[in-house]
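Have a look at coords-v8.pdb below; it lists PDB, C-alpha atoms.
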ATOM      1  CA  MET A 126      22.425  -3.224   7.856  1.00  0.00           C
ATOM      2  CA  ASN A 127      22.609  -6.305  10.043  1.00  0.00           C
ATOM      3  CA  THR A 128      23.888  -9.144   7.875  1.00  0.00           C
ATOM      4  CA  ASP A 129      21.107 -11.347   9.267  1.00  0.00           C
ATOM      5  CA  GLU A 130      18.449  -9.024   7.886  1.00  0.00           C
ATOM      6  CA  PRO A 131      16.941  -9.759   4.469  1.00  0.00           C
ATOM      7  CA  SER A 132      17.851  -7.372   1.682  1.00  0.00           C
ATOM      8  CA  LEU A 133      15.408  -4.859   0.245  1.00  0.00           C
ATOM      9  CA  MET A 134      15.233  -7.079  -2.832  1.00  0.00           C
ATOM     10  CA  ASP A 135      14.299 -10.109  -0.724  1.00  0.00           C
ATOM     11  CA  LEU A 136      11.605  -8.110   1.065  1.00  0.00           C
ATOM     12  CA  ALA A 137      10.267  -6.837  -2.268  1.00  0.00           C
ATOM     13  CA  ARG A 138      10.036 -10.410  -3.514  1.00  0.00           C
ATOM     14  CA  ASP A 139       8.205 -11.503  -0.345  1.00  0.00           C
ATOM     15  CA  GLU A 140       5.759  -8.620  -0.709  1.00  0.00           C
ATOM     16  CA  ARG A 141       5.006  -9.499  -4.319  1.00  0.00           C
ATOM     17  CA  ALA A 142       4.554 -13.159  -3.401  1.00  0.00           C
ATOM     18  CA  ASP A 143       2.012 -12.166  -0.755  1.00  0.00           C
ATOM     19  CA  LEU A 144       0.234  -9.928  -3.257  1.00  0.00           C
ATOM     20  CA  ALA A 145       0.130 -12.647  -5.907  1.00  0.00           C
ATOM     21  CA  ALA A 146      -1.331 -15.135  -3.436  1.00  0.00           C
ATOM     22  CA  PHE A 147      -4.017 -12.611  -2.479  1.00  0.00           C
ATOM     23  CA  LEU A 148      -4.867 -11.719  -6.080  1.00  0.00           C
ATOM     24  CA  ALA A 149      -5.416 -15.403  -6.849  1.00  0.00           C
ATOM     25  CA  THR A 150      -8.409 -15.329  -4.466  1.00  0.00           C
ATOM     26  CA  LEU A 151     -10.227 -12.404  -6.109  1.00  0.00           C
ATOM     27  CA  THR A 152     -13.435 -12.614  -8.107  1.00  0.00           C
ATOM     28  CA  PRO A 153     -13.847 -10.938 -11.523  1.00  0.00           C
ATOM     29  CA  ALA A 154     -15.930  -8.209  -9.862  1.00  0.00           C
ATOM     30  CA  GLN A 155     -13.186  -7.511  -7.330  1.00  0.00           C
ATOM     31  CA  TRP A 156     -10.605  -7.146 -10.100  1.00  0.00           C
ATOM     32  CA  GLU A 157     -12.806  -4.429 -11.600  1.00  0.00           C
ATOM     33  CA  THR A 158     -13.296  -2.530  -8.316  1.00  0.00           C
ATOM     34  CA  GLU A 159     -11.753   0.941  -8.166  1.00  0.00           C
ATOM     35  CA  SER A 160      -8.640   1.013  -6.000  1.00  0.00           C
ATOM     36  CA  LEU A 161      -7.413   3.858  -3.813  1.00  0.00           C
ATOM     37  CA  CYS A 162      -5.580   5.108  -6.919  1.00  0.00           C
ATOM     38  CA  THR A 163      -8.221   7.376  -8.434  1.00  0.00           C
ATOM     39  CA  GLY A 164      -9.333   6.146 -11.823  1.00  0.00           C
ATOM     40  CA  TRP A 165      -7.490   2.836 -11.551  1.00  0.00           C
ATOM     41  CA  THR A 166      -9.213  -0.477 -10.917  1.00  0.00           C
ATOM     42  CA  VAL A 167      -7.527  -3.308  -9.044  1.00  0.00           C
ATOM     43  CA  LYS A 168      -6.580  -4.738 -12.436  1.00  0.00           C
ATOM     44  CA  ASP A 169      -5.058  -1.403 -13.471  1.00  0.00           C
ATOM     45  CA  VAL A 170      -2.945  -1.288 -10.306  1.00  0.00           C
ATOM     46  CA  VAL A 171      -1.602  -4.775 -10.964  1.00  0.00           C
ATOM     47  CA  ALA A 172      -0.882  -3.753 -14.564  1.00  0.00           C
ATOM     48  CA  HIS A 173       1.072  -0.780 -13.220  1.00  0.00           C
ATOM     49  CA  ILE A 174       3.083  -2.904 -10.772  1.00  0.00           C
ATOM     50  CA  VAL A 175       4.366  -5.174 -13.549  1.00  0.00           C
ATOM     51  CA  SER A 176       4.523  -2.645 -16.380  1.00  0.00           C
ATOM     52  CA  TYR A 177       8.201  -1.753 -15.940  1.00  0.00           C
ATOM     53  CA  GLU A 178       9.558  -5.273 -15.436  1.00  0.00           C
ATOM     54  CA  GLU A 179      10.737  -6.038 -18.954  1.00  0.00           C
ATOM     55  CA  LEU A 180      11.615  -2.538 -20.121  1.00  0.00           C
ATOM     56  CA  GLY A 181      15.232  -1.925 -21.024  1.00  0.00           C
ATOM     57  CA  VAL A 182      16.617   1.580 -21.355  1.00  0.00           C
ATOM     58  CA  PRO A 183      15.306   2.036 -24.955  1.00  0.00           C
ATOM     59  CA  GLY A 184      11.826   0.895 -23.915  1.00  0.00           C
ATOM     60  CA  LEU A 185      11.863   3.118 -20.866  1.00  0.00           C
ATOM     61  CA  LEU A 186      12.850   6.161 -22.916  1.00  0.00           C
ATOM     62  CA  LYS A 187      10.145   5.358 -25.462  1.00  0.00           C
ATOM     63  CA  ARG A 188       7.505   5.139 -22.732  1.00  0.00           C
ATOM     64  CA  PHE A 189       8.657   8.387 -21.131  1.00  0.00           C
ATOM     65  CA  ALA A 190       8.542  10.070 -24.521  1.00  0.00           C
ATOM     66  CA  LYS A 191       5.077   8.739 -25.276  1.00  0.00           C
ATOM     67  CA  GLY A 192       3.770   9.720 -21.850  1.00  0.00           C
ATOM     68  CA  ARG A 193       5.726  12.993 -21.694  1.00  0.00           C
ATOM     69  CA  VAL A 194       7.373  11.536 -18.573  1.00  0.00           C
ATOM     70  CA  VAL A 195       4.612  12.572 -16.138  1.00  0.00           C
ATOM     71  CA  ARG A 196       2.096  10.216 -17.742  1.00  0.00           C
ATOM     72  CA  ALA A 197       4.472   7.307 -18.292  1.00  0.00           C
ATOM     73  CA  ASN A 198       2.587   5.250 -15.681  1.00  0.00           C
ATOM     74  CA  GLU A 199      -0.663   5.633 -17.611  1.00  0.00           C
ATOM     75  CA  VAL A 200       1.042   4.480 -20.809  1.00  0.00           C
ATOM     76  CA  GLY A 201       2.228   1.324 -19.065  1.00  0.00           C
ATOM     77  CA  VAL A 202      -1.171   0.657 -17.505  1.00  0.00           C
ATOM     78  CA  ALA A 203      -2.916   1.025 -20.852  1.00  0.00           C
ATOM     79  CA  GLU A 204      -0.522  -1.493 -22.377  1.00  0.00           C
ATOM     80  CA  TYR A 205      -0.647  -4.124 -19.652  1.00  0.00           C
ATOM     81  CA  SER A 206      -4.311  -3.829 -18.662  1.00  0.00           C
ATOM     82  CA  ALA A 207      -5.126  -5.261 -22.089  1.00  0.00           C
ATOM     83  CA  LYS A 208      -3.999  -8.607 -20.646  1.00  0.00           C
ATOM     84  CA  SER A 209      -6.536 -10.829 -18.909  1.00  0.00           C
ATOM     85  CA  THR A 210      -6.457 -11.061 -15.120  1.00  0.00           C
ATOM     86  CA  GLY A 211      -5.039 -14.576 -15.445  1.00  0.00           C
ATOM     87  CA  GLU A 212      -2.282 -13.346 -17.742  1.00  0.00           C
ATOM     88  CA  LEU A 213      -1.430 -10.514 -15.360  1.00  0.00           C
ATOM     89  CA  LEU A 214      -1.259 -12.891 -12.419  1.00  0.00           C
ATOM     90  CA  ASP A 215       0.936 -15.304 -14.364  1.00  0.00           C
ATOM     91  CA  PHE A 216       3.208 -12.413 -15.339  1.00  0.00           C
ATOM     92  CA  LEU A 217       3.472 -11.254 -11.716  1.00  0.00           C
ATOM     93  CA  ASN A 218       4.314 -14.767 -10.552  1.00  0.00           C
ATOM     94  CA  ARG A 219       7.109 -14.916 -13.125  1.00  0.00           C
ATOM     95  CA  HIS A 220       8.453 -11.574 -11.877  1.00  0.00           C
ATOM     96  CA  LEU A 221       8.219 -11.857  -8.105  1.00  0.00           C
ATOM     97  CA  ARG A 222      11.809 -10.677  -7.833  1.00  0.00           C
ATOM     98  CA  PRO A 223      11.843  -7.121  -9.242  1.00  0.00           C
ATOM     99  CA  GLN A 224      13.634  -6.521 -12.500  1.00  0.00           C
ATOM    100  CA  GLY A 225      14.253  -3.464 -14.630  1.00  0.00           C
ATOM    101  CA  LEU A 226      13.227  -0.133 -13.124  1.00  0.00           C
ATOM    102  CA  THR A 227      11.606  -1.652 -10.035  1.00  0.00           C
ATOM    103  CA  ALA A 228      14.905  -3.321  -9.097  1.00  0.00           C
ATOM    104  CA  GLY A 229      16.431   0.128  -8.676  1.00  0.00           C
ATOM    105  CA  PHE A 230      18.254   1.077  -5.474  1.00  0.00           C
ATOM    106  CA  GLY A 231      18.652  -2.531  -4.437  1.00  0.00           C
ATOM    107  CA  GLY A 232      14.951  -3.315  -4.742  1.00  0.00           C
ATOM    108  CA  MET A 233      13.773  -0.224  -2.862  1.00  0.00           C
ATOM    109  CA  ILE A 234      11.456   0.886  -5.671  1.00  0.00           C
ATOM    110  CA  GLY A 235       9.865  -2.533  -5.952  1.00  0.00           C
ATOM    111  CA  LEU A 236       9.415  -2.839  -2.189  1.00  0.00           C
ATOM    112  CA  ILE A 237       7.772   0.531  -1.671  1.00  0.00           C
ATOM    113  CA  ASP A 238       5.686   0.306  -4.846  1.00  0.00           C
ATOM    114  CA  GLY A 239       4.539  -3.226  -4.095  1.00  0.00           C
ATOM    115  CA  THR A 240       3.646  -2.552  -0.469  1.00  0.00           C
ATOM    116  CA  VAL A 241       1.748   0.684  -1.088  1.00  0.00           C
ATOM    117  CA  HIS A 242      -0.185  -0.680  -4.047  1.00  0.00           C
ATOM    118  CA  HIS A 243      -0.976  -3.921  -2.197  1.00  0.00           C
ATOM    119  CA  GLN A 244      -2.686  -1.752   0.420  1.00  0.00           C
ATOM    120  CA  ASP A 245      -4.384   0.347  -2.290  1.00  0.00           C
ATOM    121  CA  ILE A 246      -6.056  -2.854  -3.428  1.00  0.00           C
ATOM    122  CA  ARG A 247      -6.846  -4.373  -0.057  1.00  0.00           C
ATOM    123  CA  ARG A 248      -8.269  -1.209   1.461  1.00  0.00           C
ATOM    124  CA  ALA A 249     -10.497  -0.598  -1.556  1.00  0.00           C
ATOM    125  CA  LEU A 250     -11.871  -4.138  -1.266  1.00  0.00           C
ATOM    126  CA  GLY A 251     -12.337  -3.944   2.494  1.00  0.00           C
ATOM    127  CA  LEU A 252      -9.906  -6.836   2.980  1.00  0.00           C
ATOM    128  CA  PRO A 253      -7.187  -5.411   5.254  1.00  0.00           C
ATOM    129  CA  ARG A 254      -4.053  -7.127   6.463  1.00  0.00           C
ATOM    130  CA  THR A 255      -1.257  -6.328   8.857  1.00  0.00           C
ATOM    131  CA  VAL A 256       1.858  -5.456   6.868  1.00  0.00           C
ATOM    132  CA  PRO A 257       4.789  -7.419   8.332  1.00  0.00           C
ATOM    133  CA  ALA A 258       6.543  -5.177  10.841  1.00  0.00           C
ATOM    134  CA  GLN A 259       9.971  -5.945   9.409  1.00  0.00           C
ATOM    135  CA  ARG A 260       8.935  -4.566   6.019  1.00  0.00           C
ATOM    136  CA  LEU A 261       7.435  -1.421   7.527  1.00  0.00           C
ATOM    137  CA  GLN A 262      10.555  -0.845   9.621  1.00  0.00           C
ATOM    138  CA  ARG A 263      12.652  -0.883   6.443  1.00  0.00           C
ATOM    139  CA  ILE A 264      10.237   1.081   4.239  1.00  0.00           C
ATOM    140  CA  LEU A 265       9.209   3.989   6.456  1.00  0.00           C
ATOM    141  CA  PRO A 266      12.658   5.638   6.744  1.00  0.00           C
ATOM    142  CA  LEU A 267      12.989   5.544   2.946  1.00  0.00           C
ATOM    143  CA  VAL A 268       9.828   7.514   2.194  1.00  0.00           C
ATOM    144  CA  PRO A 269      10.198  11.049   3.640  1.00  0.00           C
ATOM    145  CA  GLY A 270      13.261  11.974   1.579  1.00  0.00           C
ATOM    146  CA  ASN A 271      12.165  10.313  -1.673  1.00  0.00           C
ATOM    147  CA  PRO A 272      11.299  13.105  -4.137  1.00  0.00           C
ATOM    148  CA  ARG A 273       9.422  10.697  -6.411  1.00  0.00           C
ATOM    149  CA  LEU A 274       6.837  10.042  -3.704  1.00  0.00           C
ATOM    150  CA  GLY A 275       6.168  13.649  -2.736  1.00  0.00           C
ATOM    151  CA  ALA A 276       6.101  12.864   0.969  1.00  0.00           C
ATOM    152  CA  GLY A 277       8.437  15.689   1.971  1.00  0.00           C
ATOM    153  CA  ARG A 278       5.994  18.469   1.164  1.00  0.00           C
ATOM    154  CA  ARG A 279       3.102  16.629   2.815  1.00  0.00           C
ATOM    155  CA  ILE A 280       4.824  16.084   6.155  1.00  0.00           C
ATOM    156  CA  LYS A 281       6.959  19.222   6.369  1.00  0.00           C
ATOM    157  CA  GLY A 282       6.961  20.662   9.898  1.00  0.00           C
ATOM    158  CA  LEU A 283       5.221  17.630  11.396  1.00  0.00           C
ATOM    159  CA  ARG A 284       6.303  14.899  13.786  1.00  0.00           C
ATOM    160  CA  LEU A 285       5.202  11.450  12.620  1.00  0.00           C
ATOM    161  CA  ARG A 286       5.110   8.613  15.145  1.00  0.00           C
ATOM    162  CA  ALA A 287       3.983   5.032  14.649  1.00  0.00           C
ATOM    163  CA  ASN A 288       2.095   3.484  17.546  1.00  0.00           C
ATOM    164  CA  ASP A 289       2.581  -0.149  16.549  1.00  0.00           C
ATOM    165  CA  ILE A 290       6.285  -0.220  15.627  1.00  0.00           C
ATOM    166  CA  ASP A 291       9.343   1.775  16.664  1.00  0.00           C
ATOM    167  CA  TRP A 292       9.466   4.586  14.092  1.00  0.00           C
ATOM    168  CA  GLY A 293       9.281   8.341  14.148  1.00  0.00           C
ATOM    169  CA  HIS A 294      10.270  11.206  11.884  1.00  0.00           C
ATOM    170  CA  GLY A 295      10.447  14.995  11.941  1.00  0.00           C
ATOM    171  CA  SER A 296       9.517  17.596  14.506  1.00  0.00           C
ATOM    172  CA  GLY A 297       6.470  19.742  15.118  1.00  0.00           C
ATOM    173  CA  PRO A 298       2.784  18.950  15.772  1.00  0.00           C
ATOM    174  CA  GLU A 299       2.473  15.192  16.173  1.00  0.00           C
ATOM    175  CA  VAL A 300       0.722  12.795  13.802  1.00  0.00           C
ATOM    176  CA  THR A 301       0.204   9.334  15.264  1.00  0.00           C
ATOM    177  CA  GLY A 302      -1.110   6.074  13.839  1.00  0.00           C
ATOM    178  CA  THR A 303      -0.122   2.676  12.598  1.00  0.00           C
ATOM    179  CA  GLY A 304       2.988   2.391  10.467  1.00  0.00           C
ATOM    180  CA  GLU A 305       0.813   1.269   7.562  1.00  0.00           C
ATOM    181  CA  ALA A 306      -1.496   4.274   7.821  1.00  0.00           C
ATOM    182  CA  LEU A 307       1.474   6.657   8.069  1.00  0.00           C
ATOM    183  CA  LEU A 308       3.068   5.060   5.011  1.00  0.00           C
ATOM    184  CA  LEU A 309      -0.079   5.471   2.956  1.00  0.00           C
ATOM    185  CA  ALA A 310      -0.741   8.994   4.197  1.00  0.00           C
ATOM    186  CA  MET A 311       2.813  10.052   3.302  1.00  0.00           C
ATOM    187  CA  THR A 312       2.233   8.716  -0.204  1.00  0.00           C
ATOM    188  CA  GLY A 313      -1.005  10.662  -0.584  1.00  0.00           C
ATOM    189  CA  ARG A 314      -3.784   8.276   0.446  1.00  0.00           C
ATOM    190  CA  ARG A 315      -6.489  10.319   2.151  1.00  0.00           C
ATOM    191  CA  GLN A 316      -8.378   7.272   3.446  1.00  0.00           C
ATOM    192  CA  ALA A 317      -5.389   6.311   5.578  1.00  0.00           C
ATOM    193  CA  ALA A 318      -4.732   9.883   6.709  1.00  0.00           C
ATOM    194  CA  GLU A 319      -8.265  10.051   8.121  1.00  0.00           C
ATOM    195  CA  GLU A 320      -7.280   7.333  10.612  1.00  0.00           C
ATOM    196  CA  LEU A 321      -4.407   9.346  12.095  1.00  0.00           C
ATOM    197  CA  THR A 322      -4.613  11.320  15.326  1.00  0.00           C
ATOM    198  CA  GLY A 323      -2.638  14.014  17.086  1.00  0.00           C
ATOM    199  CA  SER A 324      -2.352  17.776  16.878  1.00  0.00           C
ATOM    200  CA  GLY A 325      -0.827  17.601  13.409  1.00  0.00           C
ATOM    201  CA  ALA A 326      -3.280  15.144  11.867  1.00  0.00           C
ATOM    202  CA  ALA A 327      -5.628  17.805  10.509  1.00  0.00           C
ATOM    203  CA  ILE A 328      -2.681  19.662   8.989  1.00  0.00           C
ATOM    204  CA  LEU A 329      -1.536  16.574   7.120  1.00  0.00           C
ATOM    205  CA  LEU A 330      -5.065  15.766   6.007  1.00  0.00           C
ATOM    206  CA  GLY A 331      -5.485  19.268   4.678  1.00  0.00           C
ATOM    207  CA  ARG A 332      -2.434  18.829   2.455  1.00  0.00           C
ATOM    208  CA  LEU A 333      -3.816  15.761   0.677  1.00  0.00           C
TER     209      LEU A 333
END
Could you show the structure in this file as structure tokens?
Amino acid sequence: MNTDEPSLMDLARDERADLAAFLATLTPAQWETESLCTGWTVKDVVAHIVSYEELGVPGLLKRFAKGRVVRANEVGVAEYSAKSTGELLDFLNRHLRPQGLTAGFGGMIGLIDGTVHHQDIRRALGLPRTVPAQRLQRILPLVPGNPRLGAGRRIKGLRLRANDIDWGHGSGPEVTGTGEALLLAMTGRRQAAEELTGSGAAILLGRL
């Protein structure tokens, strides 16, 4: 990495700061709108983003045990969504720099999680933004090989190419679109995948 480039942790903090500033503008009705995460409102998504911040190893193991690992996210959401929207926003502002689990891999988890879920909220509310190109350039190469995100099986045998930044991955029928749409499609968001074009776009869409 170029020493002049910000770290993943710095980018994760910037992303959370942008998200917090946006959330501060939302109405109560917008907080209760369903996000792109099926079954989760905007408030639930924010609860998820912050739900691992103050968990040490014992707390993490307890949550995994309670949620049988695969439902650990739901356990955290149930706990933190009991807070008011103001309390959640205050909590996020006190944890702009990822801690705990989300600080893993130098901030990679916090950066990817924060960016994807920020878009889950904005797209559901019809309030889009352009994700800073520098963040997309750093995030996109991290997604295909991340087993936690499930992108590998979705994009297997396809060539992904961004048309707004310099990024491509894989080989095979081409799937083209913005870096943001490719990021969200790789992480399972059908709404974003519907915006993609190319001979492989229908293949990817059919896998979601």
Resolved residues for the PyMOL selection byres ((chain A and resi 300-304) around 6) as a PyMOL selection string = chain A and resi 284-289+299+305-307+321-323+325-326
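Between A:Gln259 and the residues A:Asp245, A:Asp291, A:Glu159, A:Asp215, the shortest atom-to-atom distance, using all atoms listed in the file, involves A:Asp291.
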Exercise. Apply the PyMOL selection byres ((chain A and resi 241) around 12) to the displayed file and report the matching residues as a PyMOL selection string.
Key: chain A and resi 137+140-141+144+160-162+170-171+174+234-240+242-248+256+260-261+264-265+268+274+304-314+317
re atom CA of A:Trp156 and atom CA of A:Pro257: distance 24.0 Å
Chain and number of each residue from the PyMOL selection byres ((chain A and resi 175) around 9), as a PyMOL selection string:
chain A and resi 170-174+176-179+201-202+205+213+216-217+220+223+227
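Nearest to A:Arg278 of all the residues A:Lys168, A:Arg222, A:Leu329, A:Ser132 is A:Leu329, based on only C-alpha atoms.
If you look at atom CA of A:Pro266 and atom CA of A:Gln224, they are 22.8 Å away from each other.
If you look at atom CA of A:Leu221 and atom CA of A:Ala142, they are 6.1 Å away from each other.
Each of A:Gln316, A:Asp129, A:Ala154, A:Asp143 was checked against A:Arg254 using all atoms listed in the file; the smallest atom-to-atom distance is that of A:Asp143.
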